[in-house]
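*Asks:* Just so it is clear, I am handing over protein.txt, which has compact mmCIF, C-alpha atoms and all ligand atoms.
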# COMPACT_ATOMS: atom_id res chain seq x y z
CA MET A 11 2.01 141.04 314.39
CA LYS A 12 1.88 138.63 311.46
CA TYR A 13 5.15 136.79 310.94
CA LEU A 14 6.30 134.37 308.28
CA ILE A 15 8.86 131.73 309.19
CA THR A 16 10.66 129.82 306.48
CA GLY A 17 12.04 126.49 307.69
CA GLY A 18 9.51 126.45 310.52
CA ALA A 19 9.44 122.63 310.62
CA GLY A 20 13.16 122.57 311.40
CA PHE A 21 15.10 122.75 314.64
CA ILE A 22 15.51 126.50 315.16
CA GLY A 23 12.50 127.65 313.10
CA SER A 24 10.04 125.53 315.08
CA ASN A 25 11.41 126.83 318.40
CA ALA A 26 10.95 130.36 317.03
CA ALA A 27 7.38 129.55 315.96
CA ASP A 28 6.58 128.36 319.50
CA ALA A 29 7.95 131.55 321.03
CA LEU A 30 6.16 133.90 318.63
CA LEU A 31 2.82 132.12 319.13
CA LYS A 32 3.33 132.31 322.89
CA GLU A 33 3.73 136.08 322.56
CA GLY A 34 0.38 136.27 320.75
CA HIS A 35 1.65 136.79 317.20
CA GLU A 36 0.18 135.18 314.09
CA VAL A 37 2.60 132.72 312.52
CA ARG A 38 2.76 131.37 308.97
CA ILE A 39 5.26 128.68 308.09
CA ILE A 40 6.76 127.71 304.75
CA ASP A 41 8.67 124.43 304.75
CA ASN A 42 9.17 121.68 302.18
CA LEU A 43 9.86 119.10 304.94
CA SER A 44 13.17 118.13 303.33
CA THR A 45 14.92 117.98 306.70
CA GLY A 46 12.13 119.40 308.89
CA LYS A 47 9.35 117.38 310.49
CA LEU A 48 5.62 117.94 310.38
CA SER A 49 5.51 117.03 314.10
CA ASN A 50 7.70 120.08 314.89
CA ILE A 51 5.07 122.53 313.64
CA PRO A 52 3.21 123.99 316.61
CA GLN A 53 -0.56 124.04 316.80
CA GLY A 54 -1.83 127.47 315.92
CA ALA A 55 0.68 128.08 313.12
CA GLU A 56 -0.58 128.24 309.54
CA PHE A 57 1.47 125.71 307.58
CA HIS A 58 2.23 125.90 303.86
CA LYS A 59 4.11 122.91 302.48
CA LEU A 60 6.01 124.79 299.79
CA ASP A 61 9.50 124.93 298.39
CA PHE A 62 10.98 128.43 298.33
CA THR A 63 13.09 127.59 295.29
CA ASP A 64 9.79 128.15 293.41
CA LEU A 65 9.21 131.91 293.69
CA GLU A 66 5.71 132.08 292.23
CA SER A 67 4.36 129.42 294.60
CA ILE A 68 5.48 131.24 297.74
CA ARG A 69 4.47 134.81 296.80
CA PRO A 70 0.86 134.63 298.14
CA VAL A 71 2.06 133.53 301.60
CA PHE A 72 3.97 136.82 301.99
CA GLU A 73 0.86 138.98 301.52
CA GLY A 74 -0.02 140.98 304.65
CA VAL A 75 3.05 139.81 306.56
CA ASP A 76 4.87 142.28 308.86
CA GLY A 77 8.15 140.44 309.18
CA VAL A 78 9.95 137.37 307.82
CA PHE A 79 12.32 135.08 309.71
CA HIS A 80 14.32 133.19 307.09
CA PHE A 81 15.54 129.98 308.78
CA GLY A 82 14.98 127.66 305.82
CA ALA A 83 18.18 126.17 304.39
CA LEU A 84 20.00 123.00 303.57
CA ALA A 85 22.17 123.29 306.67
CA ARG A 86 24.56 120.41 305.99
CA ILE A 87 28.29 120.93 305.30
CA PRO A 88 29.15 117.45 303.92
CA TYR A 89 26.00 117.50 301.76
CA SER A 90 27.04 120.87 300.31
CA ILE A 91 30.48 119.51 299.40
CA GLU A 92 28.89 116.56 297.60
CA ASN A 93 26.04 118.58 296.08
CA PRO A 94 27.21 122.19 295.58
CA ILE A 95 24.53 123.00 293.01
CA ASP A 96 21.67 121.71 295.13
CA SER A 97 23.06 123.58 298.15
CA ALA A 98 23.26 126.79 296.13
CA MET A 99 19.76 126.34 294.68
CA THR A 100 18.31 126.34 298.20
CA ASN A 101 20.75 128.50 300.13
CA VAL A 102 21.55 131.13 297.46
CA MET A 103 18.69 131.13 294.93
CA GLY A 104 16.08 130.13 297.51
CA THR A 105 17.19 132.97 299.78
CA LEU A 106 17.05 135.37 296.84
CA ASN A 107 13.47 134.22 296.14
CA VAL A 108 12.51 134.84 299.77
CA LEU A 109 14.05 138.33 299.61
CA VAL A 110 12.21 139.13 296.36
CA ALA A 111 8.88 137.82 297.68
CA ALA A 112 9.32 139.88 300.88
CA ARG A 113 10.26 143.00 298.93
CA ASP A 114 7.33 142.70 296.53
CA ALA A 115 4.84 142.09 299.35
CA LYS A 116 6.19 145.23 301.10
CA VAL A 117 7.27 143.32 304.19
CA LYS A 118 8.98 145.69 306.63
CA ARG A 119 11.86 143.54 307.89
CA LEU A 120 13.56 140.19 307.22
CA VAL A 121 15.85 138.51 309.75
CA TYR A 122 18.33 136.22 308.02
CA SER A 123 19.82 133.14 309.68
CA ALA A 124 23.48 133.49 308.78
CA SER A 125 26.26 131.19 309.94
CA SER A 126 29.57 131.42 311.75
CA SER A 127 30.87 129.17 308.95
CA ALA A 128 31.36 132.42 306.98
CA TYR A 129 34.48 133.00 309.12
CA GLY A 130 36.37 129.81 308.28
CA ASN A 131 39.82 129.94 309.85
CA GLN A 132 40.82 133.43 310.97
CA ALA A 133 44.31 134.47 312.06
CA THR A 134 43.02 135.66 315.43
CA LEU A 135 40.17 134.90 317.84
CA PRO A 136 37.52 135.89 318.79
CA GLN A 137 35.75 136.32 315.45
CA THR A 138 34.31 139.76 314.79
CA PRO A 139 31.89 140.62 311.96
CA ASP A 140 34.39 143.08 310.43
CA MET A 141 36.85 140.26 309.66
CA PRO A 142 36.96 139.26 305.99
CA ALA A 143 34.80 136.20 305.36
CA HIS A 144 36.71 133.05 304.51
CA PRO A 145 34.23 130.19 304.12
CA LEU A 146 35.84 126.76 303.87
CA ASN A 147 32.97 124.87 302.22
CA PRO A 148 30.05 125.49 299.82
CA TYR A 149 27.53 125.71 302.67
CA GLY A 150 29.51 128.51 304.37
CA LEU A 151 29.96 130.30 301.05
CA HIS A 152 26.27 130.03 300.18
CA LYS A 153 25.17 131.27 303.60
CA TYR A 154 27.60 134.19 303.25
CA ILE A 155 26.18 135.12 299.83
CA GLY A 156 22.78 135.31 301.55
CA GLU A 157 24.17 138.02 303.85
CA LEU A 158 25.45 140.03 300.88
CA ASN A 159 22.10 139.74 299.14
CA ALA A 160 20.24 140.77 302.30
CA GLU A 161 22.37 143.92 302.59
CA GLN A 162 21.75 144.79 298.93
CA PHE A 163 17.99 144.41 299.36
CA SER A 164 18.13 147.01 302.13
CA ARG A 165 20.25 149.34 300.02
CA PHE A 166 18.40 149.05 296.71
CA TYR A 167 14.83 148.29 297.74
CA GLY A 168 14.40 149.50 301.32
CA LEU A 169 13.58 146.04 302.70
CA GLU A 170 14.99 146.14 306.25
CA THR A 171 17.33 143.21 306.86
CA VAL A 172 19.62 141.97 309.60
CA CYS A 173 21.92 138.94 309.54
CA LEU A 174 22.51 136.79 312.61
CA ARG A 175 25.59 134.57 312.45
CA TYR A 176 24.79 131.65 314.75
CA PHE A 177 27.55 129.65 316.40
CA ASN A 178 26.73 125.89 316.80
CA VAL A 179 23.17 125.82 318.03
CA TYR A 180 21.98 123.06 320.38
CA GLY A 181 18.87 122.29 322.42
CA PRO A 182 15.40 120.76 322.10
CA ARG A 183 14.56 119.34 318.64
CA MET A 184 18.18 119.35 317.52
CA ALA A 185 18.58 116.86 314.64
CA ASP A 186 19.59 113.45 315.91
CA GLU A 187 19.57 111.53 312.66
CA GLY A 188 20.39 112.01 309.01
CA ALA A 189 23.48 112.71 306.98
CA TYR A 190 24.77 115.52 309.17
CA VAL A 191 24.10 115.90 312.85
CA THR A 192 26.02 117.97 315.38
CA VAL A 193 28.77 116.47 317.52
CA ILE A 194 26.57 116.63 320.62
CA SER A 195 23.86 114.54 318.95
CA ILE A 196 26.38 112.02 317.62
CA PHE A 197 27.99 111.61 321.05
CA ALA A 198 24.58 111.35 322.74
CA ARG A 199 23.43 108.64 320.33
CA GLN A 200 26.67 106.68 320.74
CA LYS A 201 26.59 106.98 324.51
CA LYS A 202 23.01 105.67 324.64
CA ALA A 203 23.91 102.77 322.35
CA GLY A 204 26.92 101.89 324.56
CA GLU A 205 29.32 102.64 321.68
CA PRO A 206 32.62 104.54 321.89
CA LEU A 207 32.37 108.25 321.05
CA THR A 208 33.86 109.09 317.64
CA ILE A 209 36.45 111.88 317.72
CA GLN A 210 37.24 113.35 314.32
CA GLY A 211 40.87 114.40 313.96
CA ASP A 212 42.80 115.21 317.15
CA GLY A 213 39.66 116.44 318.93
CA GLU A 214 41.37 119.70 319.84
CA GLN A 215 39.14 121.69 317.47
CA THR A 216 36.97 124.07 319.49
CA ARG A 217 33.46 125.42 319.10
CA ASP A 218 31.36 128.17 320.65
CA PHE A 219 27.92 126.65 321.43
CA THR A 220 24.63 128.57 321.64
CA HIS A 221 21.35 127.43 323.14
CA VAL A 222 18.41 127.51 320.74
CA TYR A 223 16.32 129.59 323.19
CA ASP A 224 18.99 132.31 323.08
CA VAL A 225 18.99 132.15 319.27
CA VAL A 226 15.21 132.57 319.22
CA ARG A 227 15.43 135.56 321.58
CA ALA A 228 18.07 137.13 319.32
CA ASN A 229 15.72 136.76 316.36
CA MET A 230 12.89 138.47 318.20
CA LEU A 231 15.15 141.38 319.21
CA ALA A 232 16.51 141.62 315.66
CA MET A 233 12.97 141.92 314.31
CA THR A 234 12.16 144.92 316.49
CA SER A 235 15.42 146.71 317.32
CA PRO A 236 15.46 150.29 316.00
CA LYS A 237 19.25 150.13 315.62
CA VAL A 238 19.31 147.60 312.76
CA GLY A 239 17.67 147.11 309.38
CA LYS A 240 20.42 147.81 306.86
CA GLY A 241 21.88 144.32 306.53
CA GLU A 242 24.00 144.50 309.69
CA VAL A 243 25.87 141.28 310.53
CA VAL A 244 26.11 140.28 314.19
CA ASN A 245 27.36 137.18 316.01
CA ILE A 246 25.07 135.00 318.10
CA GLY A 247 27.31 132.96 320.36
CA CYS A 248 28.38 132.72 324.00
CA GLY A 249 31.95 133.96 323.57
CA LYS A 250 33.45 130.77 325.05
CA LYS A 251 34.98 127.81 323.25
CA PHE A 252 35.08 124.15 324.21
CA SER A 253 37.14 121.39 322.61
CA ILE A 254 35.52 118.27 321.23
CA ASN A 255 37.78 116.18 323.51
CA HIS A 256 36.47 118.06 326.52
CA ILE A 257 32.83 117.53 325.53
CA ALA A 258 33.55 113.81 325.07
CA LYS A 259 34.98 113.67 328.61
CA VAL A 260 31.89 115.37 330.04
CA ILE A 261 29.62 112.86 328.30
CA GLY A 262 31.97 110.10 329.43
CA GLY A 263 32.99 106.65 328.22
CA PRO A 264 35.53 105.30 325.75
CA THR A 265 36.40 107.13 322.53
CA HIS A 266 37.87 106.19 319.18
CA THR A 267 39.50 108.45 316.61
CA VAL A 268 38.80 108.79 312.89
CA GLU A 269 40.27 111.13 310.27
CA GLY A 270 39.29 114.81 310.60
CA ARG A 271 36.53 116.17 308.34
CA VAL A 272 37.56 118.26 305.35
CA GLY A 273 36.26 121.80 305.00
CA GLU A 274 35.69 122.49 308.68
CA ALA A 275 37.26 125.26 310.75
CA LYS A 276 39.71 124.64 313.58
CA ASP A 277 38.07 127.03 316.03
CA SER A 278 34.98 129.15 316.42
CA LEU A 279 34.58 131.86 319.02
CA ALA A 280 32.15 134.76 318.87
CA ASP A 281 32.82 138.35 319.83
CA ILE A 282 29.37 139.63 320.75
CA SER A 283 30.10 143.25 321.60
CA LEU A 284 28.34 144.54 318.45
CA THR A 285 25.35 142.28 319.15
CA LYS A 286 25.03 143.74 322.66
CA GLU A 287 25.23 147.26 321.26
CA LEU A 288 22.76 146.83 318.38
CA LEU A 289 20.30 144.29 319.75
CA GLY A 290 20.84 144.48 323.51
CA TRP A 291 21.33 140.69 323.30
CA GLU A 292 23.57 138.47 325.32
CA PRO A 293 23.20 134.77 326.05
CA GLN A 294 21.18 133.76 329.09
CA ILE A 295 22.09 130.06 328.94
CA GLN A 296 25.81 129.36 329.16
CA PHE A 297 27.00 126.03 327.74
CA GLU A 298 28.18 124.95 331.23
CA GLN A 299 24.51 124.97 332.26
CA GLY A 300 22.81 124.22 328.94
CA LEU A 301 24.79 121.11 327.97
CA PRO A 302 24.15 119.14 331.20
CA GLU A 303 20.49 120.19 331.14
CA TYR A 304 20.15 119.04 327.54
CA LEU A 305 21.91 115.74 328.24
CA ARG A 306 19.68 115.04 331.25
CA SER A 307 16.58 115.87 329.16
CA ILE A 308 17.52 113.02 326.80
CA GLY A 309 18.41 110.62 329.60
CA ILE A 310 22.20 111.04 329.85
CA GLU A 311 23.87 111.92 333.15
CA PRO A 312 27.11 113.85 332.49
CA THR A 313 30.17 112.30 334.16
CA LEU A 314 31.90 115.65 334.82
CA PRO A 315 30.83 119.29 335.12
CA LEU A 316 31.81 121.19 331.95
N1 LIG B 1 21.91 124.57 313.74
C1 LIG B 1 23.01 125.31 313.74
O1 LIG B 1 23.95 125.06 314.52
C2 LIG B 1 23.14 126.50 312.82
C3 LIG B 1 24.31 127.28 312.89
C4 LIG B 1 24.44 128.37 312.03
C5 LIG B 1 23.41 128.72 311.18
N2 LIG B 1 22.29 127.95 311.10
C6 LIG B 1 21.22 128.34 310.19
O2 LIG B 1 19.99 128.38 310.90
C7 LIG B 1 18.91 128.01 310.05
C8 LIG B 1 18.09 126.90 310.69
O3 LIG B 1 18.94 125.76 310.90
P1 LIG B 1 18.43 124.43 311.60
O4 LIG B 1 19.55 123.87 312.37
O5 LIG B 1 17.12 124.70 312.27
O6 LIG B 1 18.22 123.50 310.31
P2 LIG B 1 17.03 122.49 309.97
O7 LIG B 1 17.53 121.61 308.87
O8 LIG B 1 16.52 121.83 311.22
O9 LIG B 1 15.90 123.47 309.42
C9 LIG B 1 15.88 123.98 308.11
C10 LIG B 1 14.46 123.86 307.59
O10 LIG B 1 14.39 124.40 306.26
C11 LIG B 1 13.54 123.55 305.48
N3 LIG B 1 13.89 123.73 304.07
C12 LIG B 1 15.07 123.39 303.48
N4 LIG B 1 15.03 123.71 302.18
C13 LIG B 1 13.81 124.26 301.94
C14 LIG B 1 13.16 124.76 300.78
N5 LIG B 1 13.79 124.78 299.58
N6 LIG B 1 11.90 125.23 300.89
C15 LIG B 1 11.26 125.21 302.08
N7 LIG B 1 11.83 124.76 303.23
C16 LIG B 1 13.08 124.28 303.15
C17 LIG B 1 13.82 122.16 306.00
O11 LIG B 1 12.82 121.22 305.70
C18 LIG B 1 13.97 122.41 307.50
O12 LIG B 1 12.73 122.29 308.16
C19 LIG B 1 19.55 127.63 308.72
O13 LIG B 1 19.45 128.75 307.87
C20 LIG B 1 21.00 127.35 309.05
O14 LIG B 1 21.85 127.59 307.95
C21 LIG B 1 22.13 126.84 311.92
If you convert what's in this file into structure tokens, what do you get?

*Replies:*
Amino acid sequence: MKYLITGGAGFIGSNAADALLKEGHEVRIIDNLSTGKLSNIPQGAEFHKLDFTDLESIRPVFEGVDGVFHFGALARIPYSIENPIDSAMTNVMGTLNVLVAARDAKVKRLVYSASSSAYGNQATLPQTPDMPAHPLNPYGLHKYIGELNAEQFSRFYGLETVCLRYFNVYGPRMADEGAYVTVISIFARQKKAGEPLTIQGDGEQTRDFTHVYDVVRANMLAMTSPKVGKGEVVNIGCGKKFSINHIAKVIGGPTHTVEGRVGEAKDSLADISLTKELLGWEPQIQFEQGLPEYLRSIGIEPTLPL
């Protein structure tokens, strides 16, 4: 098949490009390299350095494509709080452009990278897709609007869509620099530099972590499953939560505490029963295995099992 990946120079998109090429598919990539790296783009992929906020420039790349994986985004919470318009231009208007280009090129299906940040703080855990969305920051809001637009494109125009809400993705090519990196990358960098690990707030906030290979597999199933295509929203997580304090202990060494970040949820925990039913997906790499493996791959020996 011929697939188009937006954001294919980024963390998750480039892992997806690798996997699709390995399965013998043709892969086209659109990326403006704003946070992605040219070195992430696998050999064999056709690369178009374009910005999807410009609809007319991206249209030709959609011609003849069977399916689109829309990973491209400005995936940075603090940046979205400081720059809500820029975040919306990429994450809302850019996503709308990608949907329009896919519709007009008669692409069969688009898989949208949604985010667990749509949940915000819910009264109960685990989080299920039928809970009302309650995003706590512009990034979460803009990613959620993308889901609503994807559903409408299925309803009005017959473009098949499915929305995957990822929970804290980690693994090879995870960002380790820049304005916003995940807690695992920050801890890893501090540990290597012999610095204390920075805990934001009381450290008792919890997260459900998902390995990037499981996220890629979910995308491939979402592209082909006969049970989706109408804008369904499903969770991609492991269904287990770990506190930031606990992760710091596993990585080991001294810690220091700073004020908690505004606009971030207290807990995240995925209920994946609908994902199992619609996609036949469940995680193959639990965090207990994936975190130590990842740490060892970057030269850090965990001090404790998770
Ligand atoms: N990493 C996570 O934990 C996580 C969790 C939930 C959802 N997501 C979603 O998954 C997707 C991929 O995230 P990631 O972690 O790989 O992020 P990333 O920043 O590594 O990748 C995003 C890519 O999109 C590209 N891009 C940004 N704006 C663009 C534009 N206007 N035109 C063309 N390309 C553009 C960037 O250059 C980058 O290569 C995003 O949609 C993100 O919102 C990620």

*Asks:* Which of these residues is nearest to ligand LIG 1 (chain B), using all atoms listed in the file: A:Val117, A:Leu301, A:Val179, A:Ile68?

*Replies:*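 Distance minimum relative to ligand LIG 1 (chain B) lands on A:Val179.
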
*Asks:* State, in Å with one decimal place, the distance from CA of Thr234 in chain A to CA of Leu14 in chain A.

*Replies:* 14.6 Å

*Asks:* Would you list the contacts of Leu120 in chain A as a PDB file with C-alpha atoms, in the frame of the given file, taking every protein, DNA or RNA residue within 9 Å and counting only C-alpha atoms, but skipping same-chain residues closer than 5 positions in sequence?

*Replies:*
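Written file, around.pdb:
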ATOM      1  CA  GLY A  77       8.150 140.440 309.180  1.00  0.00           C
ATOM      2  CA  VAL A  78       9.950 137.370 307.820  1.00  0.00           C
ATOM      3  CA  PHE A  79      12.320 135.080 309.710  1.00  0.00           C
ATOM      4  CA  HIS A  80      14.320 133.190 307.090  1.00  0.00           C
ATOM      5  CA  LEU A 109      14.050 138.330 299.610  1.00  0.00           C
ATOM      6  CA  ALA A 112       9.320 139.880 300.880  1.00  0.00           C
ATOM      7  CA  ALA A 160      20.240 140.770 302.300  1.00  0.00           C
ATOM      8  CA  LEU A 169      13.580 146.040 302.700  1.00  0.00           C
ATOM      9  CA  GLU A 170      14.990 146.140 306.250  1.00  0.00           C
ATOM     10  CA  THR A 171      17.330 143.210 306.860  1.00  0.00           C
ATOM     11  CA  VAL A 172      19.620 141.970 309.600  1.00  0.00           C
ATOM     12  CA  CYS A 173      21.920 138.940 309.540  1.00  0.00           C
ATOM     13  CA  MET A 233      12.970 141.920 314.310  1.00  0.00           C
ATOM     14  CA  GLY A 239      17.670 147.110 309.380  1.00  0.00           C
TER      15      GLY A 239
END

*Asks:* Once you count only C-alpha atoms and all ligand atoms, what closest atom pair and distance in Å to one decimal does each residue of chain A within 7 Å of ligand LIG 1 (chain B) have, with rows by chain and rising residue number, as a Markdown table?

*Replies:*
| residue | atom | partner | partner_atom | distance |
| --- | --- | --- | --- | --- |
| A:Thr16 | CA | B:LIG1 | N7 | 6.1 |
| A:Gly17 | CA | B:LIG1 | O10 | 3.5 |
| A:Gly18 | CA | B:LIG1 | O12 | 5.8 |
| A:Ala19 | CA | B:LIG1 | O12 | 4.1 |
| A:Gly20 | CA | B:LIG1 | O12 | 3.3 |
| A:Phe21 | CA | B:LIG1 | O5 | 3.7 |
| A:Ile22 | CA | B:LIG1 | O5 | 3.8 |
| A:Gly23 | CA | B:LIG1 | O5 | 5.5 |
| A:Ile40 | CA | B:LIG1 | C15 | 5.8 |
| A:Asp41 | CA | B:LIG1 | N7 | 3.5 |
| A:Asn42 | CA | B:LIG1 | C15 | 4.1 |
| A:Leu43 | CA | B:LIG1 | O11 | 3.7 |
| A:Ser44 | CA | B:LIG1 | O11 | 3.9 |
| A:Thr45 | CA | B:LIG1 | O11 | 4.0 |
| A:Gly46 | CA | B:LIG1 | O12 | 3.0 |
| A:Lys47 | CA | B:LIG1 | O12 | 6.4 |
| A:Leu60 | CA | B:LIG1 | C15 | 5.7 |
| A:Asp61 | CA | B:LIG1 | N6 | 3.5 |
| A:Phe62 | CA | B:LIG1 | N6 | 4.2 |
| A:Thr63 | CA | B:LIG1 | N5 | 5.2 |
| A:His80 | CA | B:LIG1 | O13 | 6.8 |
| A:Phe81 | CA | B:LIG1 | C7 | 4.1 |
| A:Gly82 | CA | B:LIG1 | O10 | 3.3 |
| A:Ala83 | CA | B:LIG1 | C12 | 4.3 |
| A:Leu84 | CA | B:LIG1 | C12 | 4.9 |
| A:Ala85 | CA | B:LIG1 | O14 | 4.5 |
| A:Thr100 | CA | B:LIG1 | N5 | 5.0 |
| A:Gly104 | CA | B:LIG1 | N5 | 6.2 |
| A:Ser123 | CA | B:LIG1 | O13 | 4.8 |
| A:Ala124 | CA | B:LIG1 | C5 | 5.3 |
| A:Ser125 | CA | B:LIG1 | C4 | 4.0 |
| A:Ser126 | CA | B:LIG1 | C4 | 6.0 |
| A:Lys153 | CA | B:LIG1 | O14 | 6.6 |
| A:Arg175 | CA | B:LIG1 | C4 | 6.3 |
| A:Tyr176 | CA | B:LIG1 | C4 | 4.3 |
| A:Phe177 | CA | B:LIG1 | C3 | 5.3 |
| A:Asn178 | CA | B:LIG1 | O1 | 3.7 |
| A:Val179 | CA | B:LIG1 | O1 | 3.7 |
| A:Tyr180 | CA | B:LIG1 | O1 | 6.5 |
| A:Met184 | CA | B:LIG1 | O8 | 7.0 |
| A:Ala185 | CA | B:LIG1 | O8 | 6.4 |

*Asks:* Taking into account all atoms listed in the file, which residue in the set A:Gly300, A:Gly34, A:Gly211, A:Pro236 is nearest to Glu287 in chain A?

*Replies:* A:Pro236

*Asks:* Of the candidates A:Ile39, A:Ala232, A:Val75, A:Leu151, which shows the shortest atom-to-atom distance to Pro94 in chain A, using only C-alpha atoms?

*Replies:* A:Leu151

*Asks:* In Å, rounded to a single decimal, give me how far CA of Trp291 in chain A is from CA of Lys237 in chain A.

*Replies:*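 Between CA of Lys237 in chain A and CA of Trp291 in chain A the gap is 12.3 Å.
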
*Asks:* Just want the 8 Å neighbourhood of Asn25 in chain A, counted on all atoms listed in the file, with same-chain residues fewer than 4 positions away dropped. Output as a PyMOL selection string.

*Replies:* chain A and resi 21+29+222-223+226

*Asks:* Around all the atoms of range 267-281 of chain A listed in the file, draw an axis-aligned box and extend it by 6 Å on each of the six sides; I want its centre and edge lengths in Å to one decimal, as lines of an AutoDock Vina configuration file.

*Replies:*
center_x = 36.2
center_y = 123.4
center_z = 312.4
size_x = 20.1
size_y = 41.9
size_z = 26.8

*Asks:* Using only C-alpha atoms, can you tell me which of A:Ser195, A:Gln132, A:Gln215, A:Ser235 comes closest to Leu305 in chain A?

*Replies:*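 Closest candidate: A:Ser195.
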
*Asks:* Between A:Leu135, A:Ala27, A:Cys248, A:Leu231, single out the one closest to Gln299 in chain A, counting all atoms listed in the file.

*Replies:*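 The closest residue to Gln299 in chain A is A:Cys248.
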
*Asks:* For Ile246 in chain A, which of A:Gly156, A:Pro142, A:Gly290, A:Gly130 is the closest residue, counting all atoms listed in the file?

*Replies:*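 Closest residue, counting all atoms listed in the file: A:Gly290.
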
*Asks:* Work out how far CA of Lys276 in chain A is from CA of Lys250 in chain A, in Å to one decimal.

*Replies:*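 That distance, rounded to one decimal, is 14.4 Å.
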
*Asks:* Give me the residues within 10 Å of Gly204 in chain A as a PyMOL selection string, counting only C-alpha atoms and dropping any in the same chain fewer than 6 places off.

*Replies:* chain A and resi 198+263-264

*Asks:* Residues near Met141 in chain A, anyone? I mean within 12 Å using all atoms listed in the file, not counting same-chain ones fewer than 2 positions away, as a PyMOL selection string.

*Replies:* chain A and resi 126+128-139+143-145+243-245+280-281
